[in-house]
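K.L.:
Handing you a structure now.
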Amino acid sequence: TKHARMVKKGGNFNFEMATKDQLLRRRGLFLVQTWMSTKQPEHGDDCILKYIMVFETLEMEAEPHLIDQVWDMVADLCLQVQHQQQESSMLEFATSTMTTTPLTWDWISALFGRIFVAESPMLRKLGFFRFLNNEAGIQVFAPANNTSESLSSKEEQRRLLQKRSSKNRHAISFLQKPQRQLATLSILAPDFVSHVLIFSWDTLMASIGTRMNYQDDSGRMDCQDLTAAFLKFLIRYVQVLEDNNRSQFVESIIRLTNVLRPKSAVFMVQAVADGLSSPWRDSSSLVTTAAHIFQRLVRENQVILAYRQQLLRSLARILSTSTRSNGHSSKRPVLHEAVLQLLSLYVTSQTPILSSSSFSVEKLLSKWVQTYNTDDGACWTLSVAGTCASAFCQLHMLPTNTWDPVSPTTETEELRAASIVLLAKLSDNTNSATATASSCLWPAIYKGFKNTTSPQRTNRALLLLVHGCRMGILSGIGNGDLVVQQQIPLPPPPNIDGMVRSAIDFLFSLLESLFSPEVLAESGCSQTALTHQVANTFSHLIQNQLQVLANSYPSSSAIFAKVASIQETSIQMIIKSDNKNTMDTVLCVTLLYASLVVTKSTGCNGDHLLVLSSDDKYSTTHDLYRKLLSLHLMVSSNSTHTKYAIPTALSVFPSARWGCLSFLLPQILREQDDGVIKSLKEKDLLLQEIFAIAHDLVGTTPVDALLSLFDMVKIASLSWFSSFLGTGTITPKANNTEAVLQLNCIIDILFSVLTDMNMSSDYAYILNEMCALLFQPSVLYDEYQRLKTDSEYEAPIRRAFEKLVTLSGTSRSHILHAAVRHASVGWLGDDEANIPAGLGAIPYVNSIANLLVHKEQKLDISAVKQSVFLAKDKDESAYLKLPPDTNECSATRGYILIFFSRLPLFDSQSTNTSNCDDELISNLLHPLILHILRDFCFSPLKNGKDIMTGTPDYSLRIRSWQALSILSRFIANDENTVVRTVVDLFFQALSPNLHNEIRYFVEIFGIQLGRQHPQMVAHRLIQELNRVDLSLQHATSLMIVAGYLAVGRYQLDCLKEPQKLHKILAGVIPCLSSAQGFSRAIAQFLVYSIVPRIVDVAKENDENWYLTNIYRFLDENMDMHRLRIKLLNLFERYDADLTVDELLSIPVDEGDEADPEHVVDFIKQCLDDAYLESHAHDPPAWKQVNELHRLQKQKESVSSSSDENQTLANFQRKIIPLDALNISHSTRQERLSASKRQHHSLVLCASLLTDQVPMLAGLARTAEIFAAESLVIPDLGVVRMDSFQTISVTAADWIPIEECPEHNLVSWIQLKQKEGYTIIGVEQNLSSTNISNFEFPQKTILLLGKEKEGIPIPYSPFVEHCIQIPPLGIIRSLNVHVSGAICIWEYSKQWQLPSLIKTH
């Protein structure tokens, strides 16, 4: 009974052992059956037999409907196992007194395992569905009356579901069963949950998903997402476990994260974290296990960034609730290594979780770390941090290699230093944490810097200092800068400043070592490796170490003195450089760049980044900038170190050079008024030179230097835009050529950088800054003005926008989001700069139309570029924000819709559009609306004649009408008859067959159109209503619009006139006889609402008597009254003033399209409710059938006793014409002989076919034709039914028919077995025999099963043989009548009577 094993190969679970395991299981079942048949009967045998029966049924994977019948028996077995466990715990001698091996959890786990590791994913999902809904014998959740935990709550499921599908063929029945006693959740073994349930769930998520369709109690199709239910189950299971089992279970889940798929691993760890809400005792190996497993996940990048962050957050929550067991105190000294490894996960640059998490991960880790401290208050972890810091600096922790200045720090050293500092910070979280935590680190740092003979020790001391500054421990009050009055910082204490001086000197010495020929020659690396390593070290020293120290100690005198010395020397050497001494020039540029980083971070020299002692600072700055801009590397041919100089120069020089230029350019531009740049032309020449050099070198610049080049080009572009674009001082047409050339140059540079840095972590930053630069309001408005005066203008900014849209494709939606978000902000203009809103969007009208109906591809989180998660906009308030419920497939159009919602309104009742520019109306809004109506709403269908949900045609239609619902307020009166065209197109759009979801927005558009242009819409609406060729859908939509505009929420004054209301009634009254209930209901409610407005219904009215009578009927009829109460607010449901937030917050269907509730859907629900209310007191169906039987018998009795009652015959009964009857004498003799003929000893038992009258009639006819002995049915009353007699003809007169209800079937079978009959079941199972190979006993009872379900499990023990009819097609089963007929014929062939043989 061992469950099937799952084997993991190549990351995918398969079932390669299924065949072998199935053979083993069947042999095991055979052995158990043999043992049970030979042993003496004992107490508990029934339980074992029931277990065998269930397991045999579970082997029929191909018949899920049969397997789905075993849950009641499984529930009984689970309950019995729990009772035995409880008795065993109370009776120590229980096991010694039991004569039969009792069922244990191992037996039950085999049953569950057989389902949850089945080869069929659908069967596994079915098992989870029953299990999570308390139908598998285990109370997973509280009973249904506890709404907080009930999974069967239909209302909760309907709220969560966004759309039901009523056509799903894989749906199962979810019948409400009576409450029964269930086993508690604690019966589940932790190993079973972790190694069976969780593994099975993992395969389910990767195959067919976790959404289950089923049929609820009312017969409706519904759907349940099992993911939320399984999460709640895991949470509750963790909570009910005891401490020992809980610790083992948590550790096993952590181990599984290395095996499960990343998404499943995140799901499981999160569930465990949610379940551990109270303190629990962990095992001594938990920390070691977590450190080992998560190191592989994070360091080896086995999971994506978003999943890594979620895993680490959940792990912090798990650790924060753990407590130490008694044995931990003796093992604390050996735990520090695992603790440091675990903490290193939270400080890696690849997972910046401490700074990006929405809740304080640091507080959770602090709570966990402090559990290692003793009860007497001794801070053991803080002392460990100090000891580890000293050991780390003295090279006693971690192995050390030969000192290499090119690669001074390994990743292991970096992480270890950061984890030691983090441990010190977490160990003391009191108000004086800074002083206490820093006091354990400063001694180690001091010793490291003091020992100048060992660069490894100095480097490790530097690592501790840098990470201490980054985490805020080694800077601040007492150790760093003390801010006093007027925000003037005081310098750090002398001892601290001395260590900072040592750190700065060491960093600059490392930078100089990168250009030492001797050091480079001793590195032993290839040219490629050396180039890469030098570039990485250069970037790390400046950005991750030097800049951190400068930010932490801005008032340090040591830093200022070092920077002044370096700049004074470097600037003079660069200006005097003649490009011959290449390595010296590169070194000077590098040191200058490092010093500029420091002065930029500290602000120690005010706005000036150069610390110069000369009087003419501005001239020196300008000369330095010109020299850097024109500087080119020239390697001397006779250099003995050319092999190493070239890669070093190529890897470092571009970054340093562009970095210096990007720092100095703003200062030069600010000093224009001071006389450095004497004219606008000189500034223009400088900017042109910058763009030209950047354009020439961007293709050959290393990726590491592109960010500095990008920053410099961005600064130069901003200056050029402000001077030469949108100022109004230059005639646009005369300068178009110049503008195009310059813009093309800038755009080419930006796109080159964006393309080359596609794999960089700075990609998102570059993308956002590029879009913010190009799509400024002034730039977009300037382009519109140039296009307005010169229609042939190339419009480079528009071309860049279209290129970004193309570049995004289908899998890089973040590019499209950035472009549209920034462009939408730019299109809104700038009030301070007198840039009108919307005009900048006019050149983009076609692109806007396409983007309004654009649907982004739904991507898995692992497919999204991970740098996007780390990018943060510097000023999020400047951007358009989407509603929080916006679907991810609608973000692009969401930004554009918000742009339109922020445009100024206008008065639609007049031609005055002072609030909204006439140019905007005529050149953007009206063309856009007509473009969407003509080209999208009426575009030819791509997929056949009908629009199917989920198709591109459906998406195009519904998104078009959604956009028009927002744009409808911009349809202004004009001389070009735009309104008339829009009205005509709207009424044309109502004619085709459309889904209700699309019609919802079409009708909202029509209502809004009627509110703005009442006369035109009202006139056309009355004309359309009185057409005689309207389809049902068309008429319904017209009545809905008429209801809202005539009597509903948005009543129009022009429709209050009695004459127009009469015309509306003339078109609505014919719909009172509609074939569809919802159409009749709308017409009834509309007529009922309109009639009192034109007729005094309280008085007799000869002229309009028919309207009065119609109104009185609708008013007094109970069914009409009941429905009218439910439709009371029918024409109040639509909110035509649909906002963008409301539109984007509408729940979506499975195709990620809006799924609003249409009026027709509401009416259908009201009709159903009204019908149920009207039949609330009707007897149940079975009582109605009994009543029909009683009336039929009474009618027959009355008919036979009195000739006068012959007129009461049922005229619906089938009448056989007189000329079709053969009543000759010979025929009568044959019929008499047939009645006395010999029958087969075959009894056809159909007692399980309840409510299947046509099938029973067909079986009766077939049984009579082949001379069966008798037919057994559940109720003899059906024989008198017309439907039975129509099919069976007169078979009931010639074959004996017995009655045996299902509840008496067992006793009837036992009686027949005593008479010598053999029970043959028609069923597909493991022991079934092919009907062609089966020899029927002469005395046979053919037991037929239920339609779709077969023979229920309780009757299986009485079936002696099972036969099956092998299918040759795709459908696996026949209906009961056909199966019975085939079996009867096969029996007849084998047992033909002698008289029949002689005849033939």
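A note on labels: chains of the structure tokens are A, B, ... as shown, every chain counts residues from 1, and ligands are counted from 1 in their shown order.
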Using DSSP on the backbone, list every residue of range 1279-1359 of chain A that comes out as alpha helix (DSSP H), and give them as number ranges by chain.

P.N.:
A: 1282-1288, 1305-1314

K.L.:
Can you pull out the residues contacting range 1317-1331 of chain A? Cut-off 7 Å, using only C-alpha atoms, and skip same-chain residues under 6 positions away; I want them as a list of chain:residue names.

P.N.:
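So the residues in contact are A:Met60, A:Pro1337, A:Lys1339, A:Thr1340, A:Ile1341, A:Leu1342, A:Leu1343, A:Leu1344, A:Gly1345, A:Gly1350, A:Ile1351, A:Val1359, A:Glu1360, A:His1361, A:Cys1362, A:Ile1363, A:Gln1364, A:Ile1365, A:Pro1366.
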
K.L.:
Those residues you just picked out, can you put them in a file as a PDB file, in the first residue's frame with N, CA, C and O atoms?

P.N.:
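Wrote part-v8.pdb, looks like this:
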ATOM      1  N   MET A  60      -8.793   3.111 -10.058  1.00  0.00           N
ATOM      2  CA  MET A  60      -9.452   3.403 -11.335  1.00  0.00           C
ATOM      3  C   MET A  60      -9.289   4.881 -11.658  1.00  0.00           C
ATOM      4  O   MET A  60     -10.238   5.669 -11.610  1.00  0.00           O
ATOM      5  N   PRO A1337     -23.359 -17.059 -16.336  1.00  0.00           N
ATOM      6  CA  PRO A1337     -24.112 -18.155 -15.704  1.00  0.00           C
ATOM      7  C   PRO A1337     -25.555 -18.129 -16.208  1.00  0.00           C
ATOM      8  O   PRO A1337     -26.070 -17.080 -16.606  1.00  0.00           O
ATOM      9  N   LYS A1339     -28.373 -18.600 -14.543  1.00  0.00           N
ATOM     10  CA  LYS A1339     -29.219 -17.793 -13.666  1.00  0.00           C
ATOM     11  C   LYS A1339     -28.435 -16.521 -13.306  1.00  0.00           C
ATOM     12  O   LYS A1339     -27.579 -16.529 -12.427  1.00  0.00           O
ATOM     13  N   THR A1340     -28.720 -15.487 -14.016  1.00  0.00           N
ATOM     14  CA  THR A1340     -27.943 -14.249 -13.907  1.00  0.00           C
ATOM     15  C   THR A1340     -28.859 -13.084 -13.545  1.00  0.00           C
ATOM     16  O   THR A1340     -29.965 -12.959 -14.088  1.00  0.00           O
ATOM     17  N   ILE A1341     -28.366 -12.278 -12.609  1.00  0.00           N
ATOM     18  CA  ILE A1341     -28.982 -10.985 -12.326  1.00  0.00           C
ATOM     19  C   ILE A1341     -28.016  -9.917 -12.824  1.00  0.00           C
ATOM     20  O   ILE A1341     -26.889  -9.820 -12.331  1.00  0.00           O
ATOM     21  N   LEU A1342     -28.457  -9.160 -13.820  1.00  0.00           N
ATOM     22  CA  LEU A1342     -27.619  -8.108 -14.402  1.00  0.00           C
ATOM     23  C   LEU A1342     -27.907  -6.809 -13.656  1.00  0.00           C
ATOM     24  O   LEU A1342     -28.966  -6.203 -13.822  1.00  0.00           O
ATOM     25  N   LEU A1343     -26.952  -6.395 -12.791  1.00  0.00           N
ATOM     26  CA  LEU A1343     -27.113  -5.187 -11.968  1.00  0.00           C
ATOM     27  C   LEU A1343     -26.567  -3.988 -12.733  1.00  0.00           C
ATOM     28  O   LEU A1343     -25.372  -3.919 -13.029  1.00  0.00           O
ATOM     29  N   LEU A1344     -27.454  -3.068 -13.038  1.00  0.00           N
ATOM     30  CA  LEU A1344     -27.067  -1.862 -13.770  1.00  0.00           C
ATOM     31  C   LEU A1344     -26.828  -0.719 -12.784  1.00  0.00           C
ATOM     32  O   LEU A1344     -27.570  -0.567 -11.805  1.00  0.00           O
ATOM     33  N   GLY A1345     -25.793   0.091 -13.053  1.00  0.00           N
ATOM     34  CA  GLY A1345     -25.455   1.205 -12.155  1.00  0.00           C
ATOM     35  C   GLY A1345     -26.220   2.473 -12.504  1.00  0.00           C
ATOM     36  O   GLY A1345     -27.078   2.506 -13.401  1.00  0.00           O
ATOM     37  N   GLY A1350     -22.237   4.938 -12.035  1.00  0.00           N
ATOM     38  CA  GLY A1350     -21.979   3.513 -11.936  1.00  0.00           C
ATOM     39  C   GLY A1350     -22.598   2.910 -10.687  1.00  0.00           C
ATOM     40  O   GLY A1350     -23.530   3.458 -10.082  1.00  0.00           O
ATOM     41  N   ILE A1351     -22.061   1.786 -10.313  1.00  0.00           N
ATOM     42  CA  ILE A1351     -22.568   1.072  -9.135  1.00  0.00           C
ATOM     43  C   ILE A1351     -21.935   1.674  -7.895  1.00  0.00           C
ATOM     44  O   ILE A1351     -20.702   1.698  -7.771  1.00  0.00           O
ATOM     45  N   VAL A1359     -21.474  -7.806  -5.608  1.00  0.00           N
ATOM     46  CA  VAL A1359     -21.269  -8.090  -7.027  1.00  0.00           C
ATOM     47  C   VAL A1359     -20.203  -9.170  -7.141  1.00  0.00           C
ATOM     48  O   VAL A1359     -19.068  -9.000  -6.691  1.00  0.00           O
ATOM     49  N   GLU A1360     -20.587 -10.296  -7.748  1.00  0.00           N
ATOM     50  CA  GLU A1360     -19.668 -11.444  -7.834  1.00  0.00           C
ATOM     51  C   GLU A1360     -18.750 -11.343  -9.046  1.00  0.00           C
ATOM     52  O   GLU A1360     -17.625 -11.819  -9.012  1.00  0.00           O
ATOM     53  N   HIS A1361     -19.219 -10.736 -10.116  1.00  0.00           N
ATOM     54  CA  HIS A1361     -18.400 -10.534 -11.311  1.00  0.00           C
ATOM     55  C   HIS A1361     -18.752  -9.170 -11.902  1.00  0.00           C
ATOM     56  O   HIS A1361     -19.905  -8.735 -11.838  1.00  0.00           O
ATOM     57  N   CYS A1362     -17.724  -8.543 -12.490  1.00  0.00           N
ATOM     58  CA  CYS A1362     -17.934  -7.275 -13.188  1.00  0.00           C
ATOM     59  C   CYS A1362     -17.541  -7.446 -14.643  1.00  0.00           C
ATOM     60  O   CYS A1362     -16.488  -8.041 -14.953  1.00  0.00           O
ATOM     61  N   ILE A1363     -18.380  -6.963 -15.525  1.00  0.00           N
ATOM     62  CA  ILE A1363     -18.085  -7.018 -16.951  1.00  0.00           C
ATOM     63  C   ILE A1363     -18.083  -5.588 -17.473  1.00  0.00           C
ATOM     64  O   ILE A1363     -18.732  -4.696 -16.924  1.00  0.00           O
ATOM     65  N   GLN A1364     -17.329  -5.405 -18.532  1.00  0.00           N
ATOM     66  CA  GLN A1364     -17.262  -4.078 -19.145  1.00  0.00           C
ATOM     67  C   GLN A1364     -17.281  -4.206 -20.653  1.00  0.00           C
ATOM     68  O   GLN A1364     -16.869  -5.228 -21.213  1.00  0.00           O
ATOM     69  N   ILE A1365     -17.766  -3.161 -21.292  1.00  0.00           N
ATOM     70  CA  ILE A1365     -17.831  -3.102 -22.746  1.00  0.00           C
ATOM     71  C   ILE A1365     -16.676  -2.227 -23.204  1.00  0.00           C
ATOM     72  O   ILE A1365     -16.669  -1.012 -22.931  1.00  0.00           O
ATOM     73  N   PRO A1366     -15.651  -2.761 -23.833  1.00  0.00           N
ATOM     74  CA  PRO A1366     -14.455  -1.952 -24.168  1.00  0.00           C
ATOM     75  C   PRO A1366     -14.779  -0.902 -25.221  1.00  0.00           C
ATOM     76  O   PRO A1366     -15.304  -1.225 -26.293  1.00  0.00           O
TER      77      PRO A1366
END

K.L.:
Show me, as a PyMOL selection string, the residues that have an atom within 6 Å of range 77-86 of chain A when counting only C-alpha atoms, minus same-chain residues fewer than 4 positions from it.

P.N.:
chain A and resi 103-104+137+183

K.L.:
Please produce an output containing C-alpha atoms for each residue in the selection, written as a PDB file, in the first residue's frame.

P.N.:
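Once everything was written out, this is selection.pdb:
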ATOM      1  CA  LEU A 103      -5.815   0.748  10.971  1.00  0.00           C
ATOM      2  CA  THR A 104      -3.222   3.423  11.561  1.00  0.00           C
ATOM      3  CA  GLY A 137     -13.035  12.882   6.531  1.00  0.00           C
ATOM      4  CA  ALA A 183     -11.381  13.587  12.298  1.00  0.00           C
TER       5      ALA A 183
END

K.L.:
Would you list the contacts of Pro494 in chain A as a PyMOL selection string, taking every protein, DNA or RNA residue within 10 Å and counting only C-alpha atoms, but skipping same-chain residues closer than 2 positions in sequence?

P.N.:
chain A and resi 479+491-492+496-500+556-558

K.L.:
Could you pull the residues within 10 Å of Glu251 in chain A, counting only C-alpha atoms, minus those fewer than 6 positions along the same chain, as number ranges by chain?

P.N.:
A: 245, 282-283, 285-287, 289-290

K.L.:
Save out the residues we just selected, N, CA, C and O atoms, as a PDB file, in the first residue's frame.

P.N.:
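And here's again31.pdb as it stands now:
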ATOM      1  N   ASN A 245       6.702  18.571  16.774  1.00  0.00           N
ATOM      2  CA  ASN A 245       6.300  18.376  15.381  1.00  0.00           C
ATOM      3  C   ASN A 245       6.362  19.686  14.597  1.00  0.00           C
ATOM      4  O   ASN A 245       6.673  19.700  13.404  1.00  0.00           O
ATOM      5  N   ASP A 282      12.288  26.243  18.427  1.00  0.00           N
ATOM      6  CA  ASP A 282      12.874  25.692  17.212  1.00  0.00           C
ATOM      7  C   ASP A 282      13.907  24.642  17.565  1.00  0.00           C
ATOM      8  O   ASP A 282      14.302  24.475  18.717  1.00  0.00           O
ATOM      9  N   SER A 283      14.352  23.933  16.546  1.00  0.00           N
ATOM     10  CA  SER A 283      15.370  22.909  16.735  1.00  0.00           C
ATOM     11  C   SER A 283      16.754  23.538  16.616  1.00  0.00           C
ATOM     12  O   SER A 283      16.926  24.633  16.075  1.00  0.00           O
ATOM     13  N   SER A 285      19.081  22.680  14.749  1.00  0.00           N
ATOM     14  CA  SER A 285      19.594  22.653  13.375  1.00  0.00           C
ATOM     15  C   SER A 285      18.840  23.589  12.438  1.00  0.00           C
ATOM     16  O   SER A 285      19.174  23.657  11.263  1.00  0.00           O
ATOM     17  N   LEU A 286      17.818  24.288  12.941  1.00  0.00           N
ATOM     18  CA  LEU A 286      17.005  25.119  12.055  1.00  0.00           C
ATOM     19  C   LEU A 286      17.830  26.236  11.425  1.00  0.00           C
ATOM     20  O   LEU A 286      17.764  26.468  10.220  1.00  0.00           O
ATOM     21  N   VAL A 287      18.614  26.945  12.241  1.00  0.00           N
ATOM     22  CA  VAL A 287      19.385  28.067  11.726  1.00  0.00           C
ATOM     23  C   VAL A 287      20.412  27.586  10.703  1.00  0.00           C
ATOM     24  O   VAL A 287      20.592  28.195   9.638  1.00  0.00           O
ATOM     25  N   THR A 289      20.269  24.895   8.868  1.00  0.00           N
ATOM     26  CA  THR A 289      19.555  24.468   7.658  1.00  0.00           C
ATOM     27  C   THR A 289      19.107  25.655   6.833  1.00  0.00           C
ATOM     28  O   THR A 289      19.284  25.693   5.611  1.00  0.00           O
ATOM     29  N   ALA A 290      18.517  26.644   7.496  1.00  0.00           N
ATOM     30  CA  ALA A 290      18.043  27.820   6.772  1.00  0.00           C
ATOM     31  C   ALA A 290      19.198  28.556   6.110  1.00  0.00           C
ATOM     32  O   ALA A 290      19.081  29.017   4.963  1.00  0.00           O
TER      33      ALA A 290
END

K.L.:
Hey, what's within 12 Å of Ser813 in chain A if we count only C-alpha atoms and toss same-chain stuff fewer than 2 positions away? As a ChimeraX atom specification, please?

P.N.:
/A:804-811,815-821,854-859,863-865,868,888-893

K.L.:
Would you save the residues from that selection as a PDB file, in the first residue's frame, using C-alpha atoms?

P.N.:
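Printed below is out35.pdb as written:
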ATOM      1  CA  LEU A 804       9.903  53.310 -27.490  1.00  0.00           C
ATOM      2  CA  VAL A 805       6.460  51.823 -28.183  1.00  0.00           C
ATOM      3  CA  THR A 806       7.988  49.505 -30.777  1.00  0.00           C
ATOM      4  CA  LEU A 807      10.893  48.650 -28.505  1.00  0.00           C
ATOM      5  CA  SER A 808       8.532  47.545 -25.730  1.00  0.00           C
ATOM      6  CA  GLY A 809       7.062  44.814 -27.924  1.00  0.00           C
ATOM      7  CA  THR A 810       4.945  42.277 -26.048  1.00  0.00           C
ATOM      8  CA  SER A 811       7.311  41.329 -23.252  1.00  0.00           C
ATOM      9  CA  ILE A 815       9.298  50.532 -21.411  1.00  0.00           C
ATOM     10  CA  LEU A 816       5.824  51.409 -22.640  1.00  0.00           C
ATOM     11  CA  HIS A 817       4.686  52.359 -19.144  1.00  0.00           C
ATOM     12  CA  ALA A 818       7.593  54.754 -18.677  1.00  0.00           C
ATOM     13  CA  ALA A 819       7.091  56.404 -22.077  1.00  0.00           C
ATOM     14  CA  VAL A 820       3.324  56.822 -21.719  1.00  0.00           C
ATOM     15  CA  ARG A 821       3.500  57.957 -18.094  1.00  0.00           C
ATOM     16  CA  HIS A 854      -3.804  48.368 -26.218  1.00  0.00           C
ATOM     17  CA  LYS A 855      -3.706  45.323 -23.963  1.00  0.00           C
ATOM     18  CA  GLU A 856      -0.415  44.432 -22.356  1.00  0.00           C
ATOM     19  CA  GLN A 857       0.572  40.812 -22.268  1.00  0.00           C
ATOM     20  CA  LYS A 858       0.163  39.305 -18.831  1.00  0.00           C
ATOM     21  CA  LEU A 859       3.685  38.320 -17.851  1.00  0.00           C
ATOM     22  CA  ALA A 863       9.805  37.392 -16.956  1.00  0.00           C
ATOM     23  CA  VAL A 864       9.897  41.027 -15.891  1.00  0.00           C
ATOM     24  CA  LYS A 865      13.226  42.814 -15.794  1.00  0.00           C
ATOM     25  CA  VAL A 868      12.391  47.587 -12.422  1.00  0.00           C
ATOM     26  CA  GLU A 888      -1.779  44.923 -15.003  1.00  0.00           C
ATOM     27  CA  CYS A 889      -3.012  44.551 -18.596  1.00  0.00           C
ATOM     28  CA  SER A 890      -4.539  48.042 -18.546  1.00  0.00           C
ATOM     29  CA  ALA A 891      -1.750  50.212 -17.142  1.00  0.00           C
ATOM     30  CA  THR A 892      -0.824  51.872 -20.439  1.00  0.00           C
ATOM     31  CA  ARG A 893      -4.305  52.999 -21.359  1.00  0.00           C
TER      32      ARG A 893
END

K.L.:
If I take CA of Leu990 in chain A and CA of Asp1135 in chain A, how far is one from the other in Å, to one decimal?

P.N.:
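A separation of 19.3 Å between them.
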
K.L.:
Take CA of Pro702 in chain A and CA of Val548 in chain A and report the distance between them in Å, one decimal.

P.N.:
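CA of Val548 in chain A lies 24.6 Å from CA of Pro702 in chain A.
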
K.L.:
Just to confirm, what's the straight-line distance from CA of Ala316 in chain A to CA of Leu465 in chain A in Å (one decimal)?

P.N.:
25.7 Å

K.L.:
Please provide as a PyMOL selection string all residues within 12 Å of range 511-524 of chain A, with the sequence filter that same-chain residues fewer than 5 positions apart are discarded (counting only C-alpha atoms).

P.N.:
chain A and resi 402-408+504-506+529-531+533-542+545-546+566+582-595+639-653+656

K.L.:
Could you tell me which of A:Leu1242, A:Ala1066, A:Leu305, A:Ile747 comes closest to Lys803 in chain A if we count only C-alpha atoms?

P.N.:
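Smallest distance to Lys803 in chain A is found for A:Ile747.
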
K.L.:
If you run DSSP over the backbone, which residues in range 187-390 of chain A end up strand (DSSP E)? Put them as a list in words.

P.N.:
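Of range 187-390 of chain A, the ones in strand (DSSP E) are Arg211, Met212, Asn213, Tyr214, Gln215, Met221, Asp222, Cys223, Gln224, Asp225, Trp280, Arg281, Ser322 and Thr323 of chain A.
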
K.L.:
With distances taken over only C-alpha atoms, which residue among A:Lys714, A:His195, A:Arg1049, A:Lys683 lies nearest Ile766 in chain A?

P.N.:
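Of the candidates, the smallest distance to Ile766 in chain A is held by A:Lys714.
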